[in-house]
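Undergrad: Input entry.csv, format and content: CSV, C-alpha atoms.
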```
chain,number,residue,atom,x,y,z
A,782,MET,CA,-5.4,100.1,-28.8
A,783,ARG,CA,-4.1,99.2,-32.2
A,784,ILE,CA,-0.3,98.6,-31.8
A,785,TRP,CA,2.5,98.3,-34.3
A,786,VAL,CA,4.8,95.3,-33.6
A,787,SER,CA,7.9,96.0,-35.7
A,788,ARG,CA,10.1,93.2,-34.3
A,789,PRO,CA,11.1,90.3,-36.7
A,790,GLU,CA,9.4,86.9,-36.8
A,791,PRO,CA,8.9,84.6,-35.1
A,792,GLY,CA,8.7,86.9,-32.1
A,793,ALA,CA,6.3,89.3,-33.7
A,794,SER,CA,3.5,86.8,-34.0
A,795,ARG,CA,4.0,85.7,-30.4
A,796,THR,CA,3.8,89.2,-29.3
A,797,ALA,CA,0.6,89.7,-31.3
A,798,ARG,CA,-1.0,86.8,-29.5
A,799,ARG,CA,-0.1,88.3,-26.2
A,800,LEU,CA,-1.6,91.7,-27.2
A,801,ALA,CA,-4.8,90.0,-28.3
A,802,GLU,CA,-5.0,88.3,-24.8
A,803,LEU,CA,-4.7,91.8,-23.3
A,804,GLY,CA,-7.5,93.1,-25.5
A,805,HIS,CA,-5.4,95.0,-28.0
A,806,SER,CA,-5.2,94.8,-31.8
A,807,ALA,CA,-1.7,94.1,-33.2
A,808,LEU,CA,-0.4,95.3,-36.6
A,809,VAL,CA,2.5,92.8,-37.3
A,810,ALA,CA,4.8,94.6,-39.7
A,811,PRO,CA,8.5,93.8,-39.1
A,812,VAL,CA,11.1,96.2,-40.2
A,813,LEU,CA,13.8,93.5,-39.9
A,814,ARG,CA,14.0,90.0,-41.2
A,815,ILE,CA,16.3,87.3,-39.9
A,816,ALA,CA,18.6,85.6,-42.4
A,817,PRO,CA,21.1,82.8,-41.8
A,818,SER,CA,24.8,83.7,-41.8
A,819,ASP,CA,27.1,82.7,-44.6
A,820,GLY,CA,29.9,82.1,-42.2
A,821,PRO,CA,30.7,78.5,-41.2
A,822,PRO,CA,30.4,77.5,-37.5
A,823,PRO,CA,33.6,77.4,-35.5
A,824,THR,CA,35.3,74.1,-34.7
A,825,GLY,CA,36.8,72.8,-31.5
A,826,ARG,CA,35.6,72.4,-27.9
A,827,PHE,CA,34.2,75.2,-25.7
A,828,ASP,CA,33.6,75.4,-22.0
A,829,GLY,CA,30.4,77.4,-22.5
A,830,LEU,CA,28.1,78.7,-25.2
A,831,ILE,CA,26.7,82.2,-24.9
A,832,LEU,CA,23.3,83.2,-26.5
A,833,THR,CA,22.3,86.9,-26.3
A,834,SER,CA,19.5,86.5,-28.9
A,835,ALA,CA,16.9,83.8,-29.4
A,836,ASN,CA,17.6,84.0,-33.1
A,837,ALA,CA,21.0,82.4,-32.6
A,838,ALA,CA,19.6,79.3,-30.9
A,839,ALA,CA,18.7,77.2,-34.0
A,840,PRO,CA,22.0,78.0,-35.9
A,841,LEU,CA,23.9,77.1,-32.7
A,842,ALA,CA,22.1,73.8,-32.3
A,843,ALA,CA,22.7,73.0,-36.0
A,844,ALA,CA,26.4,73.7,-35.7
A,845,GLY,CA,27.0,70.2,-34.3
A,846,LEU,CA,29.5,71.4,-31.6
A,847,PRO,CA,30.6,69.2,-28.8
A,848,GLU,CA,28.2,69.5,-25.9
A,849,ALA,CA,28.8,72.4,-23.5
A,850,PRO,CA,26.6,74.4,-21.1
A,851,VAL,CA,24.5,77.1,-22.7
A,852,PHE,CA,24.1,80.5,-21.1
A,853,ALA,CA,21.1,82.4,-22.3
A,854,VAL,CA,20.5,86.1,-21.7
A,855,GLY,CA,16.8,85.6,-20.7
A,856,THR,CA,13.8,83.4,-20.5
A,857,ARG,CA,12.7,83.5,-24.2
A,858,THR,CA,16.2,82.8,-25.4
A,859,ALA,CA,16.5,79.9,-23.0
A,860,GLU,CA,13.2,78.5,-24.2
A,861,ARG,CA,14.2,78.8,-27.9
A,862,ALA,CA,17.5,77.1,-27.0
A,863,GLU,CA,15.8,74.1,-25.4
A,864,ARG,CA,13.3,73.8,-28.2
A,865,ALA,CA,16.2,73.8,-30.7
A,866,GLY,CA,17.6,70.8,-28.9
A,867,LEU,CA,20.4,72.4,-26.9
A,868,ARG,CA,21.0,70.9,-23.4
A,869,SER,CA,22.2,72.2,-20.1
A,870,VAL,CA,20.6,75.6,-20.7
A,871,HIS,CA,21.2,78.2,-17.9
A,872,CYS,CA,19.1,81.4,-17.9
A,873,ALA,CA,20.2,84.9,-16.9
A,874,ASP,CA,18.0,87.7,-15.8
A,875,GLY,CA,17.6,89.4,-19.2
A,876,ASP,CA,20.7,91.7,-19.4
A,877,ALA,CA,24.4,91.4,-20.2
A,878,VAL,CA,25.5,92.1,-16.6
A,879,SER,CA,23.5,89.1,-15.2
A,880,LEU,CA,24.6,87.0,-18.2
A,881,ALA,CA,28.3,87.6,-17.4
A,882,ARG,CA,27.7,86.9,-13.8
A,883,LEU,CA,26.0,83.6,-14.7
A,884,VAL,CA,28.9,82.5,-16.9
A,885,ALA,CA,31.4,83.3,-14.1
A,886,ALA,CA,29.4,81.1,-11.7
A,887,HIS,CA,29.8,78.1,-13.9
A,888,VAL,CA,33.0,78.5,-15.8
A,889,ARG,CA,36.4,79.4,-14.4
A,890,PRO,CA,38.4,82.4,-15.8
A,891,GLY,CA,40.6,81.2,-18.6
A,892,GLY,CA,37.8,79.0,-20.0
A,893,THR,CA,36.9,79.1,-23.7
A,894,LEU,CA,33.5,80.5,-24.6
A,895,LEU,CA,31.6,80.7,-27.9
A,896,HIS,CA,29.3,83.7,-28.3
A,897,ALA,CA,26.7,82.9,-31.1
A,898,ALA,CA,25.3,86.3,-32.0
A,899,GLY,CA,23.8,88.4,-34.8
A,900,GLU,CA,25.7,90.5,-37.2
A,901,ASP,CA,24.6,93.6,-35.3
A,902,ARG,CA,25.6,93.1,-31.7
A,903,LYS,CA,26.8,95.0,-28.6
A,904,ALA,CA,30.1,94.8,-26.9
A,905,GLU,CA,28.7,93.2,-23.8
A,906,PRO,CA,28.9,90.7,-22.3
A,907,ALA,CA,32.0,89.7,-24.3
A,908,ALA,CA,34.0,92.8,-23.2
A,909,SER,CA,33.5,92.1,-19.5
A,910,LEU,CA,34.2,88.4,-19.8
A,911,THR,CA,37.4,89.0,-21.8
A,912,ALA,CA,38.6,91.5,-19.2
A,913,ALA,CA,37.9,88.8,-16.6
A,914,GLY,CA,40.2,86.4,-18.3
A,915,TYR,CA,37.9,84.3,-20.5
A,916,ARG,CA,38.8,83.5,-24.1
A,917,ILE,CA,35.9,84.3,-26.3
A,918,THR,CA,35.2,83.3,-29.9
A,919,THR,CA,32.4,85.3,-31.5
A,920,TRP,CA,30.4,83.6,-34.3
A,921,THR,CA,28.0,85.5,-36.5
A,922,ALA,CA,25.1,83.0,-36.5
A,923,TYR,CA,22.5,85.2,-38.3
A,924,ALA,CA,21.9,88.7,-39.7
A,925,ALA,CA,18.9,91.0,-39.2
A,926,LEU,CA,18.3,92.7,-42.5
A,927,ALA,CA,16.5,96.0,-42.7
A,928,GLU,CA,13.5,96.5,-44.9
A,929,ALA,CA,13.9,99.1,-47.6
A,930,THR,CA,10.6,100.8,-47.2
A,931,LEU,CA,7.9,101.2,-44.5
A,932,PRO,CA,5.5,98.3,-44.7
A,933,GLU,CA,2.3,99.3,-46.5
A,934,PRO,CA,-0.1,98.4,-43.6
A,935,VAL,CA,1.9,100.8,-41.4
A,936,VAL,CA,1.7,103.5,-44.0
A,937,GLN,CA,-2.1,103.1,-44.1
A,938,GLY,CA,-2.3,103.1,-40.3
A,939,LEU,CA,-0.2,106.2,-39.8
A,940,MET,CA,-2.2,108.0,-42.4
A,941,GLY,CA,-5.4,107.1,-40.6
A,942,ARG,CA,-6.9,105.3,-43.5
A,943,ASP,CA,-7.9,102.2,-41.5
A,944,ASP,CA,-10.9,101.8,-39.4
A,945,ALA,CA,-8.6,101.5,-36.4
A,946,PRO,CA,-5.7,103.9,-36.7
A,947,LEU,CA,-2.4,103.1,-35.0
A,948,ALA,CA,-2.1,104.4,-31.5
A,949,ALA,CA,1.2,102.9,-30.3
A,950,ALA,CA,4.3,101.0,-31.2
A,951,LEU,CA,6.4,98.4,-29.3
A,952,HIS,CA,10.1,98.6,-29.7
A,953,PHE,CA,12.2,95.5,-28.8
A,954,SER,CA,15.6,96.6,-30.0
A,955,ARG,CA,17.5,99.9,-30.6
A,956,ARG,CA,18.2,98.9,-34.2
A,957,SER,CA,14.5,98.2,-35.1
A,958,ALA,CA,13.4,101.4,-33.4
A,959,GLU,CA,15.9,103.4,-35.3
A,960,ILE,CA,14.9,101.7,-38.6
A,961,ALA,CA,11.2,102.4,-37.8
A,962,VAL,CA,12.1,106.1,-37.4
A,963,HIS,CA,14.1,106.2,-40.6
A,964,LEU,CA,11.5,104.4,-42.7
A,965,SER,CA,8.7,106.6,-41.4
A,966,GLY,CA,10.6,109.7,-42.3
A,967,LYS,CA,11.4,108.2,-45.8
A,968,ALA,CA,7.6,107.7,-46.3
A,969,GLY,CA,6.9,111.3,-45.2
A,970,LEU,CA,5.2,110.2,-42.1
A,971,SER,CA,7.6,111.4,-39.3
A,972,GLY,CA,5.0,113.5,-37.6
A,973,ALA,CA,2.4,110.7,-37.4
A,974,PHE,CA,5.1,108.3,-36.2
A,975,ARG,CA,6.2,110.7,-33.4
A,976,ALA,CA,2.6,111.0,-32.3
A,977,LEU,CA,2.3,107.3,-31.4
A,978,ALA,CA,2.8,106.2,-27.9
A,979,HIS,CA,6.2,104.4,-28.0
A,980,TYR,CA,6.8,101.5,-25.6
A,981,CYS,CA,10.5,100.5,-25.2
A,982,LEU,CA,12.0,97.3,-23.9
A,983,SER,CA,15.0,99.0,-22.2
A,984,PRO,CA,16.6,102.4,-21.7
A,985,ASP,CA,19.0,101.7,-24.6
A,986,VAL,CA,16.1,101.2,-26.9
A,987,ALA,CA,14.5,104.4,-25.7
A,988,LEU,CA,17.7,106.3,-26.2
A,989,GLY,CA,17.7,105.2,-29.8
A,990,LEU,CA,14.4,107.0,-30.3
A,991,VAL,CA,15.2,110.0,-28.2
A,992,GLU,CA,18.4,110.7,-30.1
A,993,LEU,CA,16.3,110.8,-33.3
A,994,GLY,CA,13.8,113.2,-31.8
A,995,VAL,CA,11.1,110.7,-30.8
A,996,ALA,CA,9.8,110.7,-27.2
A,997,ALA,CA,9.6,107.4,-25.4
A,998,HIS,CA,6.2,107.0,-23.7
A,999,PHE,CA,7.2,104.0,-21.5
A,1000,VAL,CA,10.4,102.1,-20.7
A,1001,ALA,CA,10.2,98.6,-19.2
A,1002,ALA,CA,11.6,98.2,-15.7
A,1003,ARG,CA,13.3,95.0,-16.9
A,1004,PRO,CA,14.2,93.9,-20.5
A,1005,SER,CA,11.5,91.3,-20.9
A,1006,GLU,CA,8.3,91.1,-23.0
A,1007,GLU,CA,6.2,90.8,-19.9
A,1008,ALA,CA,7.6,94.0,-18.4
A,1009,LEU,CA,7.1,95.8,-21.6
A,1010,LEU,CA,3.5,94.6,-22.0
A,1011,ALA,CA,2.8,95.6,-18.4
A,1012,GLY,CA,3.4,99.2,-19.5
A,1013,LEU,CA,0.2,99.0,-21.6
A,1014,ALA,CA,-1.9,98.4,-18.4
A,1015,ALA,CA,0.0,101.0,-16.5
A,1016,SER,CA,-0.7,103.6,-19.2
A,1017,ASP,CA,-4.5,102.9,-19.4
```
Now that the file is in, can you turn its structure into structure tokens?
TA:
Amino acid sequence: MRIWVSRPEPGASRTARRLAELGHSALVAPVLRIAPSDGPPPTGRFDGLILTSANAAAPLAAAGLPEAPVFAVGTRTAERAERAGLRSVHCADGDAVSLARLVAAHVRPGGTLLHAAGEDRKAEPAASLTAAGYRITTWTAYAALAEATLPEPVVQGLMGRDDAPLAAALHFSRRSAEIAVHLSGKAGLSGAFRALAHYCLSPDVALGLVELGVAAHFVAARPSEEALLAGLAASD
């Protein structure tokens, strides 16, 4: 299949390589681009550093904070944290619940935590940790900026003008899925977009599509790239 990968770089190119290994053709055309935050990093000491996105790893490493254990939401985020030079990285199972549990296993309630996150973020795990007695500072380490128009290669693919028309799309976040829907509609290609097989990283991502009238073809059992790509084989 020819599959649209709409997630931002650098993850998009990595996903494209994995798709090639599986015998698929990837159309890398992100609808979001990652930009550094203008906000200065926080000061002071923290008992733990929380990463819910791999995109926050490099800014956190560059912040020059006193060393503290890092709690990453999943494997890819943990790998990026280690490559960025962060130490004592602990890895959760890919979701906010397991991340909060991991923090609680290493830091006592009342401890101070820094959540390095994107401008667009969810309430968890900060809400649960705050309720459990932790003191959390949230730092906007980066922003994910939406593209203004549908990338031209996607336009051509949805219109069937390429030798290999698009057959599917991978959705890694609710926001990127919703932007893909919006930009396809803006280009007058809503019908062609809905006709794709839509593979979603999680139920929350799928819900973002469904609420906008697009059916989810597959929802990963766990929020990981491997579980998402396993859906391609399951759908053959």
Undergrad: Between A:Glu933, A:Glu1007, A:Glu900, A:Asp876, single out the one closest to A:Pro817, counting all atoms listed in the file.
TA: A:Glu900
Undergrad: Select, from A:Arg902, A:His896, A:Arg788, A:Arg882, the residue with the minimum atom-to-atom distance to A:Leu982, counting only C-alpha atoms.
TA: A:Arg788
Undergrad: Tell me which of A:Ala838, A:His871, A:Ala810, A:Ser879 sits closest to A:Pro850, counting all atoms listed in the file.
TA: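 Counting all atoms listed in the file, the residue closest to A:Pro850 is A:His871.
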Undergrad: Here is a test: counting all atoms listed in the file, which residue of A:Asp985, A:Glu992, A:Glu928, A:Glu905 is nearest to A:Thr833?
TA: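 Closest to A:Thr833 of all the choices is A:Glu905.
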Undergrad: Between atom CA of A:Ala1001 and atom CA of A:Ala877, what is the distance in Å, rounded to a tenth?
TA: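 So the answer is 16.0 Å.
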Undergrad: Which polymer residues have any atom within 7 Å of an atom of A:Ser965, counting all atoms listed in the file, with same-chain residues fewer than 6 positions away left out, as number ranges by chain?
TA: A: 931, 971, 974
Undergrad: To one decimal place, how far is atom CA of A:Gly972 from atom CA of A:Leu1009 in Å?
TA: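 Distance reported for this atom pair: 24.0 Å.
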Undergrad: With a distance cut-off of 12 Å and all atoms listed in the file, select the neighbouring residues of A:Ala1015, excluding the residue or stretch itself and same-chain residues fewer than 5 positions from it, and output the selection as a VMD selection string.
TA: chain A and resid 980 998 to 1002 1008 to 1010
Undergrad: Please report the interatomic distance between atom CA of A:Ala927 and atom CA of A:Cys981 in Å with one decimal.
TA: 19.0 Å
Undergrad: Using all atoms listed in the file, which residue out of A:Leu1013, A:Leu832, A:Leu990, A:Ala837 lies closest to A:Val884?
TA: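 Smallest distance to A:Val884 is found for A:Leu832.
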Undergrad: With only C-alpha atoms as the atoms that count, which of A:Leu894, A:Ala929, A:Ala948, A:Val995 lies nearest to A:Ala968?
TA: A:Ala929
Undergrad: Using all atoms listed in the file, which protein or nucleic acid residues come within 7 Å of A:Ala873? Drop anything in the same chain fewer than 4 positions from it, and give the result as a list in words.
TA: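 Returned residues: Ala853, Val854, Gly855, Ser879, Leu880 and Leu883 of chain A.
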Undergrad: Give as a ChimeraX atom specification the set of residues within 10 Å of the point (19.2, 81.4, -29.2), where distances use the file's coordinates and only C-alpha atoms.
TA: /A:831-842,851-855,857-865,867,897-898,922
Undergrad: Okay, now the selection with C-alpha atoms, as a PDB file, in the frame of the given file?
TA:
```
ATOM      1  CA  ILE A 831      26.700  82.200 -24.900  1.00  0.00           C
ATOM      2  CA  LEU A 832      23.300  83.200 -26.500  1.00  0.00           C
ATOM      3  CA  THR A 833      22.300  86.900 -26.300  1.00  0.00           C
ATOM      4  CA  SER A 834      19.500  86.500 -28.900  1.00  0.00           C
ATOM      5  CA  ALA A 835      16.900  83.800 -29.400  1.00  0.00           C
ATOM      6  CA  ASN A 836      17.600  84.000 -33.100  1.00  0.00           C
ATOM      7  CA  ALA A 837      21.000  82.400 -32.600  1.00  0.00           C
ATOM      8  CA  ALA A 838      19.600  79.300 -30.900  1.00  0.00           C
ATOM      9  CA  ALA A 839      18.700  77.200 -34.000  1.00  0.00           C
ATOM     10  CA  PRO A 840      22.000  78.000 -35.900  1.00  0.00           C
ATOM     11  CA  LEU A 841      23.900  77.100 -32.700  1.00  0.00           C
ATOM     12  CA  ALA A 842      22.100  73.800 -32.300  1.00  0.00           C
ATOM     13  CA  VAL A 851      24.500  77.100 -22.700  1.00  0.00           C
ATOM     14  CA  PHE A 852      24.100  80.500 -21.100  1.00  0.00           C
ATOM     15  CA  ALA A 853      21.100  82.400 -22.300  1.00  0.00           C
ATOM     16  CA  VAL A 854      20.500  86.100 -21.700  1.00  0.00           C
ATOM     17  CA  GLY A 855      16.800  85.600 -20.700  1.00  0.00           C
ATOM     18  CA  ARG A 857      12.700  83.500 -24.200  1.00  0.00           C
ATOM     19  CA  THR A 858      16.200  82.800 -25.400  1.00  0.00           C
ATOM     20  CA  ALA A 859      16.500  79.900 -23.000  1.00  0.00           C
ATOM     21  CA  GLU A 860      13.200  78.500 -24.200  1.00  0.00           C
ATOM     22  CA  ARG A 861      14.200  78.800 -27.900  1.00  0.00           C
ATOM     23  CA  ALA A 862      17.500  77.100 -27.000  1.00  0.00           C
ATOM     24  CA  GLU A 863      15.800  74.100 -25.400  1.00  0.00           C
ATOM     25  CA  ARG A 864      13.300  73.800 -28.200  1.00  0.00           C
ATOM     26  CA  ALA A 865      16.200  73.800 -30.700  1.00  0.00           C
ATOM     27  CA  LEU A 867      20.400  72.400 -26.900  1.00  0.00           C
ATOM     28  CA  ALA A 897      26.700  82.900 -31.100  1.00  0.00           C
ATOM     29  CA  ALA A 898      25.300  86.300 -32.000  1.00  0.00           C
ATOM     30  CA  ALA A 922      25.100  83.000 -36.500  1.00  0.00           C
TER      31      ALA A 922
END
```
Undergrad: Near A:Ser787, counting all atoms listed in the file, which residues have an atom at most 9 Å away, once you skip same-chain residues fewer than 6 positions from it, shown as a PyMOL selection string?
TA: chain A and resi 793+808-813+950-953+957-958+961
Undergrad: Which neighbours of A:Ala945 fall inside 12 Å, counting only C-alpha atoms, when residues of the same chain fewer than 5 positions from it are skipped, and could you give them as a PyMOL selection string?
TA: chain A and resi 782-785+805-808+934-935+937-940
Undergrad: For the point (0.9, 106.1, -28.6) in file coordinates, what residues are within 6 Å, counting all atoms listed in the file? Give the answer as a PyMOL selection string?
TA: chain A and resi 948-949+977-979
